[in-house]
Amino acid sequence: MPDTLASDAVSGGPVSGAGGVRAAVDAYDVAAVRRDFPVLERTVGDRPLVYLDSANTSQKPRQVIEAITDFYAHHNANVARAMHLLGGEATAAYESARAKVADFIGAAEAREVIWTKNASEALNLAAHTLGSRLGPGDEVVISVMEHHSNIVPWQLACQRTGATLRWFDVTEEGRLDLVKAEAEGLVNERTKVVAITRQSNVLGTLNPVSTVARMAHAVGAVLVVDASQSVPQLATDVQAWEADMVAFTAHKMVGPTGLGVLWGRYDLLEQLPPFLGGGEMIEVVRMEGSTYAPPPYRFEAGTPPIAETVMLAAAIDYLNGIGMDRIAAHEQHITAYALKRLADVRGLRILGPTEAVDRGGAISFSLEGVHPHDVMTLLDARGVAVRGGHHCARPLHDRFGVQSSTRASFYLYTTEQEIEALAEALDHTRDFFNRPRSASRTRHRERA
């Protein structure tokens, strides 16, 4: 199973700095990238598919699809248990993928990488195991901008243990309100865990996780980061973040569904109890009791998502073949273009930062007089795929006084032409729902 690289999307080496970002955009051939994604060749009626829902899940390139086909066709076996040729090949691929993930996120060693079935399970694992350290009087701090997957597990942990859940507010611009948090003493000597998102899936806001890590560590607390939205878009260094645990998911980074990752500092993982019981997470089992394997296997009960890890390894090869600096530069460029273009759409209100500074490529908005589900439906009829709803972040929508929103989200294959198609479809949708009723009745009489 050789490394899988992107086709002819880019040329040249790594980039950095303002000039480097411009050079990265110039070197980036989005048309070549798009040729790697079969689904982007589809049409909706007589219109090309415009896929603007990558914050929900990304599309997959041929190279990644072929990797899972090759595994099932030529190397399929269970890991660890089978000592024959295929079992050895499957185990080698499985552990090679773990090492590749560790390198991709800047982990100190591969045994800090735990496989889960998605980021939600990874965050539940963190909450369940760290929850063993909580008790009455302790506090857990999250933020109002979290995905439900980084809210509900901590609510459950606090309910089980008697700990108290508190949270960061956000400013009107959609930034984490650190000033208010400091004034209120939000993170204090009672705080045991701080859990925040690196990048909001609604606002696109990038949070200063290193700053929050220092706040947490100053009082002896552990920092857990939900990086599901940022890992696909930005180079990641969990050690530079000073995080203690980081969760993300494969399906948002051109990889498979059914696979998530929880990274943790090994010295912390060693102290935590198992999450699920079963095969492979044990050391010795007796009827009187059991002892457990060291991390990461302690947290990986049963047959794992083997083929999915192979597919994720291929996805990382693909992203590295393009270059994360170039992907980030393209994302910044297309986000800035979209923010500027959407500002021209009459009646549209953007939630969160309106400038492409410390924000990623998810833009949520409301369109005056039109429900987000209706926006989504009419856009879909014109071939533009977006998401409508509260995006598993209802408390954040409550904070901004809206029931729900429409979200357009971008990735390495998004083009300026697709942003234009979005803006034109929004103009059409607004005009369709805001036609004067008298004019509508007049046209009805004329047709009759």
# chains A, B, ... in the order shown; residues from 1 in each chain; ligands from 1
$ closest_atom_pairs --of "region 285-319 of chain A" --to "region 46-68 of chain A" --cutoff "7 Å" --atoms "only C-alpha atoms" --output "CSV"
residue,atom,partner,partner_atom,distance
A:Ala307,CA,A:Ile68,CA,6.0
A:Val310,CA,A:Ile68,CA,6.7
A:Met311,CA,A:Ile68,CA,5.5
A:Ala314,CA,A:Val64,CA,5.4
A:Ala315,CA,A:Val64,CA,5.7
$ write_last_selection --atoms "C-alpha atoms" --output "PDB file, in the first residue's frame"
ATOM      1  CA  ALA A 307      -9.790  -0.353   6.699  1.00  0.00           C
ATOM      2  CA  VAL A 310      -5.767   2.727   5.994  1.00  0.00           C
ATOM      3  CA  MET A 311      -8.031   5.176   4.215  1.00  0.00           C
ATOM      4  CA  ALA A 314      -4.092   7.736   2.318  1.00  0.00           C
ATOM      5  CA  ALA A 315      -5.991  10.952   3.083  1.00  0.00           C
TER       6      ALA A 315
END
$ residues_around --residues "Ser366 (chain A)" --least-positions-apart "5" --cutoff "7 Å" --atoms "only C-alpha atoms" --output "ChimeraX atom specification"
/A:348-350,372,405-406
$ residues_around --residues "region 179-190 of chain A" --least-positions-apart "6" --cutoff "7 Å" --atoms "only C-alpha atoms" --output "list in words"
Gly137, Asp138, Glu139, Phe168, Met215, Ala216 and Val219 of chain A
$ select_by_dssp --residues "region 52-278 of chain A" --states "alpha helix (DSSP H)" --output "mmCIF file with C-alpha atoms, in the first residue's frame"
data_model
loop_
_atom_site.group_PDB
_atom_site.id
_atom_site.type_symbol
_atom_site.label_atom_id
_atom_site.label_comp_id
_atom_site.auth_asym_id
_atom_site.auth_seq_id
_atom_site.Cartn_x
_atom_site.Cartn_y
_atom_site.Cartn_z
ATOM 1 C CA ARG A 62 -9.929 8.909 -6.108
ATOM 2 C CA GLN A 63 -6.614 8.171 -4.404
ATOM 3 C CA VAL A 64 -8.307 7.732 -1.023
ATOM 4 C CA ILE A 65 -11.209 5.712 -2.427
ATOM 5 C CA GLU A 66 -8.735 3.390 -4.159
ATOM 6 C CA ALA A 67 -6.816 2.830 -0.906
ATOM 7 C CA ILE A 68 -9.767 1.234 0.874
ATOM 8 C CA THR A 69 -10.614 -0.819 -2.215
ATOM 9 C CA ASP A 70 -7.038 -2.114 -2.361
ATOM 10 C CA PHE A 71 -7.064 -3.044 1.320
ATOM 11 C CA TYR A 72 -10.302 -5.018 1.112
ATOM 12 C CA ALA A 73 -9.264 -6.655 -2.152
ATOM 13 C CA HIS A 74 -5.720 -7.710 -1.198
ATOM 14 C CA LEU A 85 0.489 -13.134 6.245
ATOM 15 C CA LEU A 86 -2.695 -11.119 5.792
ATOM 16 C CA GLY A 87 -2.980 -10.523 9.547
ATOM 17 C CA GLY A 88 0.571 -9.216 9.600
ATOM 18 C CA GLU A 89 -0.077 -6.913 6.627
ATOM 19 C CA ALA A 90 -3.286 -5.565 8.168
ATOM 20 C CA THR A 91 -1.614 -4.958 11.530
ATOM 21 C CA ALA A 92 1.338 -3.235 9.866
ATOM 22 C CA ALA A 93 -0.972 -0.951 7.889
ATOM 23 C CA TYR A 94 -3.071 -0.224 10.971
ATOM 24 C CA GLU A 95 -0.095 0.768 13.110
ATOM 25 C CA SER A 96 1.539 2.637 10.230
ATOM 26 C CA ALA A 97 -1.603 4.766 10.007
ATOM 27 C CA ARG A 98 -1.334 5.523 13.733
ATOM 28 C CA ALA A 99 2.249 6.705 13.251
ATOM 29 C CA LYS A 100 1.230 8.791 10.240
ATOM 30 C CA VAL A 101 -1.486 10.546 12.254
ATOM 31 C CA ALA A 102 0.964 11.225 15.087
ATOM 32 C CA ASP A 103 3.383 12.854 12.661
ATOM 33 C CA PHE A 104 0.587 14.843 10.971
ATOM 34 C CA ILE A 105 -0.526 16.481 14.230
ATOM 35 C CA ALA A 119 -14.870 12.855 17.176
ATOM 36 C CA SER A 120 -18.011 12.566 19.297
ATOM 37 C CA GLU A 121 -16.808 9.249 20.707
ATOM 38 C CA ALA A 122 -13.332 10.724 21.221
ATOM 39 C CA LEU A 123 -14.795 13.573 23.283
ATOM 40 C CA ASN A 124 -17.018 11.157 25.204
ATOM 41 C CA LEU A 125 -13.932 9.073 25.952
ATOM 42 C CA ALA A 126 -12.174 12.182 27.266
ATOM 43 C CA ALA A 127 -15.172 13.220 29.375
ATOM 44 C CA HIS A 128 -15.749 9.729 30.761
ATOM 45 C CA THR A 129 -12.149 9.052 31.733
ATOM 46 C CA LEU A 130 -11.327 12.535 33.000
ATOM 47 C CA VAL A 152 -23.333 17.007 26.248
ATOM 48 C CA PRO A 153 -20.472 14.666 27.354
ATOM 49 C CA TRP A 154 -19.352 17.244 29.920
ATOM 50 C CA GLN A 155 -22.923 17.805 31.088
ATOM 51 C CA LEU A 156 -23.222 14.057 31.649
ATOM 52 C CA ALA A 157 -19.865 13.931 33.450
ATOM 53 C CA CYS A 158 -20.953 16.730 35.774
ATOM 54 C CA GLN A 159 -24.301 15.058 36.434
ATOM 55 C CA ARG A 160 -22.554 11.796 37.348
ATOM 56 C CA THR A 161 -20.002 13.384 39.658
ATOM 57 C CA LEU A 178 -11.455 36.150 27.415
ATOM 58 C CA VAL A 179 -11.818 39.590 29.022
ATOM 59 C CA LYS A 180 -15.164 38.695 30.571
ATOM 60 C CA ALA A 181 -13.836 35.278 31.584
ATOM 61 C CA GLU A 182 -10.883 36.815 33.394
ATOM 62 C CA ALA A 183 -13.065 39.421 35.106
ATOM 63 C CA GLU A 184 -15.420 36.706 36.372
ATOM 64 C CA VAL A 209 -5.947 27.480 22.332
ATOM 65 C CA SER A 210 -2.410 28.158 23.588
ATOM 66 C CA THR A 211 -3.686 31.117 25.620
ATOM 67 C CA VAL A 212 -6.495 29.005 27.071
ATOM 68 C CA ALA A 213 -4.017 26.182 27.766
ATOM 69 C CA ARG A 214 -1.916 28.519 29.880
ATOM 70 C CA MET A 215 -5.019 29.649 31.767
ATOM 71 C CA ALA A 216 -5.950 26.026 32.449
ATOM 72 C CA HIS A 217 -2.468 24.864 33.417
ATOM 73 C CA ALA A 218 -1.974 27.821 35.749
ATOM 74 C CA VAL A 238 -0.679 19.618 19.446
ATOM 75 C CA GLN A 239 2.500 20.127 21.459
ATOM 76 C CA ALA A 240 2.809 23.775 20.425
ATOM 77 C CA TRP A 241 -0.820 24.234 21.475
ATOM 78 C CA TYR A 266 1.022 9.725 27.242
ATOM 79 C CA ASP A 267 1.692 10.497 30.884
ATOM 80 C CA LEU A 268 -1.950 11.562 31.198
ATOM 81 C CA LEU A 269 -3.339 8.573 29.282
#
$ residues_around --residues "Arg175 (chain A)" --least-positions-apart "4" --cutoff "12 Å" --atoms "only C-alpha atoms" --output "list in words"
Ser143, Val144, Met145, Phe168, Asp169, Val170, Thr171, Val179, Lys180, Thr197, Arg198, Gln199, Ser200, Val202, Leu203, Gly204, Thr205, Leu206, Asn207, Pro208, Leu351, Gly352, Pro353, Thr354, Val357, Asp358, Arg359 and Leu396 of chain A
$ residues_around --residues "Val113 (chain A)" --least-positions-apart "3" --cutoff "7 Å" --atoms "only C-alpha atoms" --output "PyMOL selection string"
chain A and resi 98+102+110+261-264+296
$ write_last_selection --atoms "C-alpha atoms" --output "CSV table (one decimal), in the first residue's frame"
chain,number,residue,atom,x,y,z
A,98,ARG,CA,-1.3,5.5,13.7
A,102,ALA,CA,1.0,11.2,15.1
A,110,ALA,CA,2.4,7.1,17.9
A,261,VAL,CA,-8.9,10.2,16.7
A,262,LEU,CA,-8.2,11.2,20.3
A,263,TRP,CA,-4.7,12.3,21.0
A,264,GLY,CA,-3.5,12.6,24.6
A,296,PRO,CA,-3.5,3.4,23.4
$ select_by_dssp --residues "region 81-203 of chain A" --states "strand (DSSP E)" --output "ChimeraX atom specification"
/A:113-116,139-143,164-168,191-197
$ closest_residue --among "A:Asp177, A:Glu146, A:Glu283, A:Asp380" --to "Ala227 (chain A)" --atoms "only C-alpha atoms"
A:Glu146
$ atom_distance --atom1 "CA of Ala408 (chain A)" --atom2 "CA of Ala338 (chain A)"
9.4 Å
$ atom_distance --atom1 "CA of Ala336 (chain A)" --atom2 "CA of Pro256 (chain A)"
28.6 Å
$ atom_distance --atom1 "CA of Ile316 (chain A)" --atom2 "CA of Glu416 (chain A)"
25.3 Å
$ residues_around --residues "His428 (chain A)" --least-positions-apart "3" --cutoff "10 Å" --atoms "only C-alpha atoms" --output "MDAnalysis selection string"
chainID A and resid 375 378:379 382 422:425 431:434
$ residues_around --residues "Val225 (chain A)" --least-positions-apart "3" --cutoff "6 Å" --atoms "only C-alpha atoms" --output "list in words"
Ala195, Ile196, Thr197 and Val246 of chain A
$ closest_residue --among "A:Glu300, A:Glu172, A:Glu355, A:Glu418" --to "Arg399 (chain A)" --atoms "only C-alpha atoms"
A:Glu172
